[in-house]
>>> print(open('my_file22.tsv').read())   # TSV, C-alpha atoms and all ligand atoms
chain	number	residue	atom	x	y	z
A	1	MET	CA	-124.68	171.36	-103.29
A	2	ASN	CA	-126.67	168.11	-103.13
A	3	ARG	CA	-128.16	168.40	-99.66
A	4	SER	CA	-129.84	165.00	-99.59
A	5	GLU	CA	-126.55	163.28	-100.50
A	6	LEU	CA	-124.71	165.17	-97.74
A	7	GLU	CA	-127.38	164.19	-95.25
A	8	ARG	CA	-127.37	160.56	-96.38
A	9	VAL	CA	-123.60	160.25	-95.90
A	10	ALA	CA	-123.64	162.11	-92.56
A	11	ARG	CA	-126.35	159.79	-91.25
A	12	ALA	CA	-124.51	156.70	-92.48
A	13	LEU	CA	-121.37	157.83	-90.62
A	14	VAL	CA	-123.19	158.03	-87.29
A	15	VAL	CA	-125.47	155.01	-87.66
A	16	LYS	CA	-126.02	153.18	-84.35
A	17	GLY	CA	-123.61	150.33	-83.68
A	18	LYS	CA	-120.79	151.84	-85.73
A	19	GLY	CA	-118.23	154.63	-85.62
A	20	ILE	CA	-115.20	156.05	-87.35
A	21	LEU	CA	-111.57	154.96	-87.29
A	22	ALA	CA	-109.25	157.99	-87.45
A	23	ALA	CA	-106.18	156.67	-89.28
A	24	ASP	CA	-105.13	160.05	-90.63
A	25	GLU	CA	-101.93	160.62	-88.66
A	26	SER	CA	-99.59	162.98	-90.46
A	27	SER	CA	-96.05	161.73	-91.19
A	28	GLY	CA	-94.75	163.39	-88.00
A	29	THR	CA	-97.45	161.86	-85.77
A	30	ILE	CA	-97.21	158.33	-87.20
A	31	LYS	CA	-93.44	158.45	-86.63
A	32	LYS	CA	-94.10	159.10	-82.92
A	33	ARG	CA	-96.51	156.12	-82.84
A	34	PHE	CA	-93.96	153.85	-84.60
A	35	ASP	CA	-91.20	154.96	-82.20
A	36	VAL	CA	-93.15	153.17	-79.43
A	37	ILE	CA	-92.72	149.83	-81.25
A	38	LYS	CA	-89.22	150.80	-82.49
A	39	LEU	CA	-90.22	150.75	-86.16
A	40	ASP	CA	-88.78	153.11	-88.78
A	41	SER	CA	-91.42	155.31	-90.38
A	42	THR	CA	-90.85	154.39	-94.04
A	43	GLU	CA	-93.58	154.70	-96.67
A	44	GLU	CA	-93.84	150.89	-96.93
A	45	HIS	CA	-94.15	150.46	-93.15
A	46	ARG	CA	-96.87	153.11	-93.05
A	47	ARG	CA	-98.67	151.34	-95.92
A	48	ALA	CA	-98.34	147.90	-94.29
A	49	TYR	CA	-99.65	149.27	-90.99
A	50	ARG	CA	-102.69	150.85	-92.61
A	51	GLU	CA	-103.34	147.67	-94.61
A	52	MET	CA	-103.25	145.67	-91.35
A	53	LEU	CA	-105.92	147.99	-89.90
A	54	PHE	CA	-108.19	148.27	-92.96
A	55	THR	CA	-108.26	144.54	-93.71
A	56	ALA	CA	-108.84	143.40	-90.09
A	57	PRO	CA	-111.47	140.64	-90.24
A	58	GLY	CA	-114.71	141.72	-88.55
A	59	ALA	CA	-113.70	145.35	-87.96
A	60	ALA	CA	-115.84	146.64	-90.83
A	61	ASP	CA	-118.95	145.41	-88.98
A	62	SER	CA	-118.40	148.21	-86.43
A	63	LEU	CA	-116.80	150.88	-88.65
A	64	SER	CA	-118.90	153.32	-90.67
A	65	GLY	CA	-115.91	155.27	-91.98
A	66	VAL	CA	-112.13	155.62	-91.94
A	67	ILE	CA	-110.26	158.93	-92.06
A	68	LEU	CA	-107.18	158.77	-94.29
A	69	PHE	CA	-104.10	160.98	-94.65
A	70	ASP	CA	-103.04	162.36	-98.05
A	71	GLU	CA	-100.33	159.72	-98.46
A	72	THR	CA	-102.70	156.91	-97.42
A	73	ILE	CA	-105.51	157.81	-99.81
A	74	HIS	CA	-102.99	157.33	-102.64
A	75	GLN	CA	-101.72	153.95	-101.35
A	76	LYS	CA	-102.90	150.44	-102.20
A	77	THR	CA	-103.26	147.03	-100.59
A	78	ARG	CA	-100.57	144.47	-101.42
A	79	ASP	CA	-102.98	143.15	-104.06
A	80	GLY	CA	-103.04	146.55	-105.72
A	81	ILE	CA	-106.48	147.82	-104.62
A	82	PRO	CA	-106.44	151.53	-103.72
A	83	PHE	CA	-107.28	151.90	-100.01
A	84	PRO	CA	-110.38	154.06	-100.56
A	85	ASP	CA	-111.74	151.49	-103.04
A	86	TYR	CA	-111.01	148.62	-100.67
A	87	LEU	CA	-112.86	150.35	-97.83
A	88	ALA	CA	-115.87	151.27	-100.00
A	89	GLN	CA	-116.09	147.66	-101.25
A	90	HIS	CA	-116.39	146.58	-97.61
A	91	GLY	CA	-119.12	149.08	-96.77
A	92	VAL	CA	-116.80	151.56	-95.03
A	93	ILE	CA	-116.93	155.20	-96.16
A	94	PRO	CA	-113.51	156.69	-96.99
A	95	GLY	CA	-112.71	160.13	-95.56
A	96	ILE	CA	-109.72	162.46	-95.70
A	97	LYS	CA	-107.95	164.82	-93.32
A	98	VAL	CA	-107.55	168.10	-95.18
A	99	ASP	CA	-106.08	170.50	-92.65
A	100	ALA	CA	-102.37	171.27	-92.76
A	101	GLY	CA	-101.92	171.25	-89.00
A	102	ALA	CA	-102.09	173.68	-86.09
A	103	LYS	CA	-99.41	176.41	-86.33
A	104	PRO	CA	-98.48	179.11	-83.78
A	105	LEU	CA	-100.97	182.00	-83.98
A	106	ALA	CA	-98.89	185.12	-84.51
A	107	GLY	CA	-99.25	187.58	-81.62
A	108	PHE	CA	-100.88	185.00	-79.32
A	109	PRO	CA	-98.19	183.05	-77.45
A	110	GLY	CA	-99.19	179.49	-76.61
A	111	GLU	CA	-102.12	179.43	-79.04
A	112	THR	CA	-102.49	177.92	-82.51
A	113	ILE	CA	-104.45	178.42	-85.70
A	114	THR	CA	-105.10	175.53	-88.05
A	115	GLU	CA	-103.85	176.14	-91.60
A	116	GLY	CA	-104.84	174.61	-94.93
A	117	LEU	CA	-107.54	176.78	-96.54
A	118	ASP	CA	-105.44	177.89	-99.53
A	119	GLY	CA	-106.18	175.66	-102.52
A	120	LEU	CA	-108.62	173.61	-100.47
A	121	ARG	CA	-111.40	173.70	-103.10
A	122	GLU	CA	-109.08	172.08	-105.67
A	123	ARG	CA	-107.79	169.48	-103.19
A	124	LEU	CA	-111.35	168.52	-102.22
A	125	LEU	CA	-112.22	168.03	-105.89
A	126	GLU	CA	-109.24	165.70	-106.25
A	127	TYR	CA	-110.03	163.77	-103.04
A	128	ARG	CA	-113.62	163.29	-104.13
A	129	LYS	CA	-112.40	161.72	-107.37
A	130	LEU	CA	-110.25	159.37	-105.27
A	131	GLY	CA	-113.38	158.28	-103.34
A	132	ALA	CA	-113.50	160.51	-100.25
A	133	ARG	CA	-117.06	161.29	-99.15
A	134	PHE	CA	-116.21	163.11	-95.93
A	135	ALA	CA	-113.35	165.21	-94.58
A	136	LYS	CA	-111.83	166.29	-91.28
A	137	TRP	CA	-110.32	169.55	-90.03
A	138	ARG	CA	-108.98	169.79	-86.46
A	139	ALA	CA	-108.73	173.04	-84.52
A	140	VAL	CA	-106.72	172.87	-81.29
A	141	ILE	CA	-107.59	174.86	-78.17
A	142	ASP	CA	-105.26	174.56	-75.20
A	143	ILE	CA	-106.25	175.50	-71.64
A	144	GLY	CA	-103.71	177.33	-69.49
A	145	GLU	CA	-102.88	180.58	-67.73
A	146	GLY	CA	-104.76	183.28	-69.68
A	147	ILE	CA	-105.64	180.95	-72.56
A	148	PRO	CA	-107.63	180.34	-74.61
A	149	THR	CA	-108.21	183.93	-75.63
A	150	ALA	CA	-111.54	184.87	-77.19
A	151	PHE	CA	-109.68	185.88	-80.35
A	152	ALA	CA	-107.98	182.50	-80.85
A	153	VAL	CA	-111.28	180.69	-80.33
A	154	ARG	CA	-112.96	182.97	-82.88
A	155	ALA	CA	-110.13	182.63	-85.43
A	156	ASN	CA	-110.26	178.83	-85.22
A	157	ALA	CA	-114.06	178.77	-85.44
A	158	HIS	CA	-113.86	180.95	-88.55
A	159	ALA	CA	-111.34	178.62	-90.24
A	160	LEU	CA	-113.47	175.57	-89.36
A	161	ALA	CA	-116.54	177.20	-90.91
A	162	ARG	CA	-114.70	178.20	-94.09
A	163	TYR	CA	-113.46	174.63	-94.42
A	164	ALA	CA	-116.96	173.24	-93.82
A	165	ALA	CA	-118.48	175.50	-96.48
A	166	LEU	CA	-115.92	174.40	-99.08
A	167	CYS	CA	-116.55	170.74	-98.23
A	168	GLN	CA	-120.31	171.05	-98.66
A	169	GLU	CA	-119.82	172.92	-101.95
A	170	GLN	CA	-117.86	169.88	-103.20
A	171	GLU	CA	-120.44	167.42	-101.78
A	172	ILE	CA	-118.14	166.20	-99.03
A	173	VAL	CA	-119.46	165.90	-95.47
A	174	PRO	CA	-117.32	168.03	-93.15
A	175	ILE	CA	-116.30	166.66	-89.78
A	176	VAL	CA	-115.87	169.79	-87.71
A	177	GLU	CA	-113.33	169.08	-84.97
A	178	PRO	CA	-112.68	171.73	-82.33
A	179	GLU	CA	-110.47	169.90	-79.82
A	180	VAL	CA	-110.09	171.34	-76.33
A	181	LEU	CA	-106.95	169.52	-75.16
A	182	MET	CA	-106.97	167.41	-71.98
A	183	ASP	CA	-103.22	167.88	-71.44
A	184	GLY	CA	-103.38	170.60	-68.75
A	185	ALA	CA	-103.84	170.65	-64.98
A	186	HIS	CA	-107.36	172.15	-65.21
A	187	SER	CA	-110.51	170.83	-63.54
A	188	ILE	CA	-113.45	169.25	-65.36
A	189	ASP	CA	-115.46	172.43	-64.66
A	190	ARG	CA	-112.87	174.55	-66.47
A	191	CYS	CA	-112.95	172.10	-69.40
A	192	GLU	CA	-116.75	172.45	-69.53
A	193	GLU	CA	-116.57	176.25	-69.44
A	194	VAL	CA	-114.01	176.36	-72.31
A	195	THR	CA	-115.78	173.67	-74.37
A	196	ASP	CA	-119.04	175.62	-73.96
A	197	ARG	CA	-117.43	178.83	-75.28
A	198	VAL	CA	-115.72	177.02	-78.13
A	199	LEU	CA	-118.91	175.28	-79.29
A	200	GLU	CA	-120.84	178.53	-79.08
A	201	GLU	CA	-118.31	180.24	-81.37
A	202	VAL	CA	-118.13	177.27	-83.73
A	203	PHE	CA	-121.90	177.06	-84.27
A	204	HIS	CA	-122.12	180.83	-84.62
A	205	ALA	CA	-119.47	180.71	-87.37
A	206	LEU	CA	-121.12	177.70	-89.05
A	207	HIS	CA	-124.40	179.64	-89.13
A	208	GLU	CA	-122.74	182.73	-90.61
A	209	HIS	CA	-121.10	180.58	-93.29
A	210	ARG	CA	-124.49	179.03	-94.20
A	211	ILE	CA	-123.51	175.49	-93.32
A	212	TYR	CA	-126.19	172.87	-93.86
A	213	LEU	CA	-126.21	171.40	-90.35
A	214	GLU	CA	-127.97	168.18	-91.42
A	215	GLY	CA	-124.97	167.44	-93.64
A	216	MET	CA	-122.13	167.71	-91.13
A	217	ILE	CA	-120.70	165.85	-88.12
A	218	LEU	CA	-119.28	167.43	-84.97
A	219	LYS	CA	-116.12	165.85	-83.53
A	220	PRO	CA	-115.59	167.32	-80.06
A	221	ASN	CA	-113.54	166.45	-77.01
A	222	MET	CA	-115.33	164.98	-74.04
A	223	VAL	CA	-115.68	167.23	-70.99
A	224	ILE	CA	-113.02	165.72	-68.75
A	225	SER	CA	-110.41	166.64	-66.12
A	226	GLY	CA	-107.00	167.77	-67.38
A	227	LYS	CA	-104.49	164.91	-67.30
A	228	LYS	CA	-102.31	166.73	-64.77
A	229	SER	CA	-105.20	167.73	-62.50
A	230	PRO	CA	-104.86	166.34	-58.97
A	231	THR	CA	-108.58	165.54	-58.91
A	232	GLN	CA	-109.93	163.32	-61.67
A	233	ALA	CA	-113.69	163.30	-62.29
A	234	GLY	CA	-115.20	159.82	-62.45
A	235	PRO	CA	-116.77	158.31	-65.59
A	236	GLU	CA	-120.38	159.16	-64.65
A	237	GLN	CA	-119.45	162.82	-64.17
A	238	VAL	CA	-117.60	162.92	-67.50
A	239	ALA	CA	-120.69	161.49	-69.23
A	240	GLN	CA	-123.09	163.89	-67.53
A	241	SER	CA	-120.96	167.03	-68.00
A	242	THR	CA	-120.28	166.22	-71.66
A	243	VAL	CA	-123.93	165.63	-72.52
A	244	ARG	CA	-125.04	168.73	-70.61
A	245	CYS	CA	-122.51	170.87	-72.47
A	246	LEU	CA	-123.45	169.44	-75.87
A	247	LYS	CA	-127.21	169.83	-75.23
A	248	ARG	CA	-126.64	173.52	-74.60
A	249	ARG	CA	-124.63	174.16	-77.75
A	250	VAL	CA	-125.24	171.62	-80.51
A	251	PRO	CA	-128.42	172.11	-82.58
A	252	ALA	CA	-130.67	169.06	-82.95
A	253	ALA	CA	-130.35	169.40	-86.74
A	254	VAL	CA	-126.81	167.98	-86.54
A	255	PRO	CA	-127.22	164.22	-87.15
A	256	GLY	CA	-124.34	163.07	-85.04
A	257	ILE	CA	-121.45	163.72	-82.73
A	258	ALA	CA	-118.35	161.52	-83.08
A	259	PHE	CA	-115.90	162.01	-80.22
A	260	LEU	CA	-112.13	162.09	-80.40
A	261	SER	CA	-110.31	160.12	-77.68
A	262	GLY	CA	-107.69	162.80	-77.00
A	263	GLY	CA	-105.33	160.78	-74.81
A	264	GLN	CA	-107.88	158.75	-72.81
A	265	SER	CA	-107.04	155.07	-72.43
A	266	PRO	CA	-108.94	152.77	-74.79
A	267	GLU	CA	-111.10	151.43	-71.94
A	268	GLU	CA	-111.93	154.91	-70.60
A	269	ALA	CA	-112.93	156.20	-74.04
A	270	THR	CA	-115.27	153.22	-74.55
A	271	LEU	CA	-116.79	153.45	-71.07
A	272	HIS	CA	-117.45	157.20	-71.35
A	273	LEU	CA	-119.21	156.76	-74.69
A	274	SER	CA	-121.36	153.95	-73.37
A	275	LEU	CA	-122.38	155.88	-70.25
A	276	MET	CA	-123.40	158.87	-72.38
A	277	ASN	CA	-125.55	156.63	-74.52
A	278	GLN	CA	-127.30	155.40	-71.37
A	279	LEU	CA	-128.42	158.92	-70.42
A	280	GLY	CA	-131.77	158.68	-72.19
A	281	ALA	CA	-133.02	160.04	-75.50
A	282	LEU	CA	-130.63	162.49	-77.13
A	283	PRO	CA	-131.26	164.72	-80.18
A	284	TRP	CA	-128.20	163.38	-82.05
A	285	SER	CA	-126.44	160.07	-82.43
A	286	LEU	CA	-123.34	159.81	-80.20
A	287	THR	CA	-120.48	157.73	-81.59
A	288	PHE	CA	-116.70	157.53	-81.83
A	289	SER	CA	-114.06	158.82	-84.20
A	290	TYR	CA	-111.07	157.55	-82.27
A	291	GLY	CA	-107.44	157.44	-83.30
A	292	ARG	CA	-105.33	156.29	-80.37
A	293	ALA	CA	-108.18	154.61	-78.45
A	294	LEU	CA	-108.79	152.28	-81.42
A	295	GLN	CA	-105.23	151.86	-82.61
A	296	ASP	CA	-102.94	151.68	-79.57
A	297	THR	CA	-103.51	148.00	-78.75
A	298	ALA	CA	-103.57	147.05	-82.45
A	299	LEU	CA	-100.24	148.79	-83.05
A	300	LYS	CA	-98.62	146.97	-80.12
A	301	GLY	CA	-100.15	143.62	-81.15
A	302	TRP	CA	-98.81	144.06	-84.70
A	303	GLY	CA	-95.39	145.26	-83.59
A	304	GLY	CA	-94.31	145.97	-87.18
A	305	THR	CA	-93.93	142.28	-88.11
A	306	SER	CA	-95.90	140.00	-90.42
A	307	ALA	CA	-96.04	137.50	-87.54
A	308	GLY	CA	-98.01	140.10	-85.56
A	309	LEU	CA	-100.59	140.73	-88.29
A	310	ALA	CA	-103.36	138.55	-86.85
A	311	ALA	CA	-102.77	139.83	-83.29
A	312	GLY	CA	-102.98	143.46	-84.44
A	313	GLN	CA	-106.12	142.81	-86.44
A	314	THR	CA	-107.78	140.97	-83.54
A	315	GLU	CA	-107.08	143.95	-81.27
A	316	LEU	CA	-108.56	146.45	-83.73
A	317	ALA	CA	-111.67	144.31	-84.31
A	318	LYS	CA	-112.10	143.99	-80.54
A	319	ARG	CA	-111.94	147.73	-79.87
A	320	ALA	CA	-114.20	148.49	-82.82
A	321	ARG	CA	-116.75	145.96	-81.58
A	322	LEU	CA	-116.69	147.24	-77.98
A	323	ASN	CA	-117.06	150.84	-79.14
A	324	GLY	CA	-119.89	149.75	-81.43
A	325	LEU	CA	-121.62	148.36	-78.33
A	326	ALA	CA	-120.90	151.67	-76.53
A	327	THR	CA	-122.88	153.56	-79.20
A	328	LEU	CA	-125.85	151.48	-78.02
A	329	GLY	CA	-125.03	151.99	-74.32
A	330	ARG	CA	-124.29	148.27	-74.03
A	331	TYR	CA	-120.60	148.21	-73.09
A	332	GLN	CA	-119.53	146.78	-69.73
A	333	PRO	CA	-115.87	146.74	-68.55
A	334	ALA	CA	-116.29	142.99	-67.91
A	335	LEU	CA	-116.50	142.51	-71.70
A	336	GLU	CA	-112.83	143.49	-71.99
A	337	SER	CA	-111.58	140.12	-70.80
A	338	GLN	CA	-114.10	138.12	-72.83
A	339	ALA	CA	-113.67	139.86	-76.15
A	340	ALA	CA	-110.03	139.13	-77.06
B	401	LIG	P1	-107.50	160.67	-80.99
B	401	LIG	O1	-108.72	159.80	-80.81
B	401	LIG	O2	-106.21	159.90	-80.83
B	401	LIG	O3	-107.57	161.93	-80.18
B	401	LIG	O4	-107.47	161.09	-82.51
B	401	LIG	C1	-108.64	161.51	-83.12
B	401	LIG	C2	-108.33	162.49	-84.16
B	401	LIG	O5	-108.70	162.30	-85.30
B	401	LIG	C3	-107.60	163.71	-83.78
B	401	LIG	O6	-107.67	164.64	-84.80
>>> encode(input="my_file22.tsv", output="structure tokens")
Amino acid sequence: MNRSELERVARALVVKGKGILAADESSGTIKKRFDVIKLDSTEEHRRAYREMLFTAPGAADSLSGVILFDETIHQKTRDGIPFPDYLAQHGVIPGIKVDAGAKPLAGFPGETITEGLDGLRERLLEYRKLGARFAKWRAVIDIGEGIPTAFAVRANAHALARYAALCQEQEIVPIVEPEVLMDGAHSIDRCEEVTDRVLEEVFHALHEHRIYLEGMILKPNMVISGKKSPTQAGPEQVAQSTVRCLKRRVPAAVPGIAFLSGGQSPEEATLHLSLMNQLGALPWSLTFSYGRALQDTALKGWGGTSAGLAAGQTELAKRARLNGLATLGRYQPALESQAA
């Protein structure tokens, strides 16, 4: 393992002013996104959509990396340049989602375990040859009646750590993503309690698996009220609770934390990140690794037509720029109307 190379890439991914675009939707998920704009999910439509995102003028100024899906890392621009090469040529680090999805955990109704460890070493070798310098694995923890159980949290932490160890062996920076879902009716306090337990287990497992913390990125959920909760915590409380929770559980050796958006609106996700970055000196860089919060407006602007190309690209560049400002604590909601 080349530790200095892992650390160099990890630091580049969380450099101030930039963040990560998660464009690694599996075929099932991208179909759901395309359904919203009434577009068939064909391979060419998926390619054209990703090309629209990756070639958006100005977006690369605020993007350190892009996470690709297996199909996407093998696809090319219309001019025949493989996507990972195109991104690297524009100073954006290509990454790859390597998990095979969250599947029902046998014996634990309502809980999941993320699969994809079998053959992972060989797949990582292949992805590295294609240009990937970092990877992503998402564990999913739902909050509900009697869940999460301690066992499901431990099982997912173990899988995340095994994945991270294989990545570092192949000189690929692991993004470790334990997502506590915001879909439930729980309070922000319950989200904090569960996120605290999950992060404790994850860092315990990472330690046991001898992970080089300086060469990884954490991708957590924010500490936030469940979507169906009757009381919604305000943005300042989300920022304070999230930073408090992370300070308790994430070692200072980790160079950066790149949040998922998890179903927040684009504006909320940007505001929360900016408020956190205004909370004074932090031991790690705080940035974004958003999927929906970066793509939703771009997808609608594009609408699946070549006439919508420029509109889609303008929307992506706008969200990337505003989130870049949020990594510096410099986002204001008033910028939304000016930045189109
Ligand atoms: P969202 O920002 O849409 O939650 O997606 C981020 C991601 O990569 C989930 O795995």
>>> residues_around(input="my_file22.tsv", residues="A:Leu309", least_positions_apart="2", cutoff="12 Å", atoms="all atoms listed in the file", output="list in words")
Ala48, Tyr49, Arg50, Glu51, Met52, Leu53, Phe54, Thr55, Ala56, Pro57, Ala298, Leu299, Lys300, Gly301, Trp302, Gly303, Gly304, Thr305, Ser306, Ala307, Ala311, Gly312, Gln313, Thr314, Glu315 and Leu316 of chain A
>>> residues_around(input="my_file22.tsv", residues="A:Asp61", least_positions_apart="2", cutoff="8 Å", atoms="only C-alpha atoms", output="list of chain:residue names")
A:Lys18, A:Gly58, A:Ala59, A:Leu63, A:Arg321
>>> closest_atom_pairs(input="my_file22.tsv", of="chain A", to="ligand LIG 401 (chain B)", cutoff="8 Å", atoms="all atoms listed in the file", output="Markdown table")
| residue | atom | partner | partner_atom | distance |
| --- | --- | --- | --- | --- |
| A:Ala22 | CA | B:LIG401 | O5 | 4.8 |
| A:Ala23 | CA | B:LIG401 | O5 | 7.3 |
| A:Asp24 | CA | B:LIG401 | O5 | 6.8 |
| A:Glu25 | CA | B:LIG401 | O5 | 7.7 |
| A:Ile67 | CA | B:LIG401 | O5 | 7.7 |
| A:Lys136 | CA | B:LIG401 | O5 | 7.8 |
| A:Trp137 | CA | B:LIG401 | O6 | 7.6 |
| A:Arg138 | CA | B:LIG401 | O6 | 5.6 |
| A:Glu177 | CA | B:LIG401 | O6 | 7.2 |
| A:Glu179 | CA | B:LIG401 | O6 | 7.8 |
| A:Phe259 | CA | B:LIG401 | O1 | 7.5 |
| A:Leu260 | CA | B:LIG401 | O1 | 4.1 |
| A:Ser261 | CA | B:LIG401 | O1 | 3.5 |
| A:Gly262 | CA | B:LIG401 | O3 | 3.3 |
| A:Gly263 | CA | B:LIG401 | O3 | 5.9 |
| A:Ser289 | CA | B:LIG401 | C1 | 6.1 |
| A:Tyr290 | CA | B:LIG401 | O1 | 3.6 |
| A:Gly291 | CA | B:LIG401 | O1 | 3.7 |
| A:Arg292 | CA | B:LIG401 | O2 | 3.7 |
| A:Ala293 | CA | B:LIG401 | O1 | 5.7 |
| A:Leu294 | CA | B:LIG401 | O1 | 7.5 |
>>> closest_residue(input="my_file22.tsv", among="A:Ala165, A:Val223, A:Ala157, A:Leu279", to="A:His204", atoms="only C-alpha atoms")
A:Ala157
>>> closest_residue(input="my_file22.tsv", among="A:Ser62, A:Thr149, A:Gly280, A:Arg162", to="A:Asp99", atoms="all atoms listed in the file")
A:Arg162
>>> closest_residue(input="my_file22.tsv", among="A:Arg133, A:Arg249, A:His207, A:Arg330", to="A:Pro220", atoms="all atoms listed in the file")
A:Arg249
>>> atom_distance(input="my_file22.tsv", atom1="atom CA of A:Val173", atom2="atom CA of A:Leu124")
10.9 Å
>>> atom_distance(input="my_file22.tsv", atom1="atom CA of A:Val250", atom2="atom CA of A:Glu192")
13.9 Å
>>> closest_residue(input="my_file22.tsv", among="A:Gly131, A:Gly324, A:Gly226, A:Gly234", to="A:Pro82", atoms="only C-alpha atoms")
A:Gly131
>>> residues_around(input="my_file22.tsv", residues="A:Glu201", least_positions_apart="6", cutoff="9 Å", atoms="all atoms listed in the file", output="list in words")
Val153, Arg154, Ala157 and His158 of chain A
>>> closest_residue(input="my_file22.tsv", among="A:Leu13, A:Leu21, A:Pro283, A:Gln278", to="A:Arg319", atoms="all atoms listed in the file")
A:Leu21
>>> closest_residue(input="my_file22.tsv", among="A:Thr114, A:Asn323, A:Thr297, A:Thr270", to="A:Met222", atoms="only C-alpha atoms")
A:Thr270
>>> atom_distance(input="my_file22.tsv", atom1="atom CA of A:Gly17", atom2="atom CA of A:Thr327")
5.6 Å
>>> axis_aligned_box(input="my_file22.tsv", around="stretch 229-241 of chain A", padding_each_side="6 Å", output="AutoDock Vina command-line options")
--center_x -114.0 --center_y 163.0 --center_z -64.1 --size_x 30.2 --size_y 21.4 --size_z 22.3
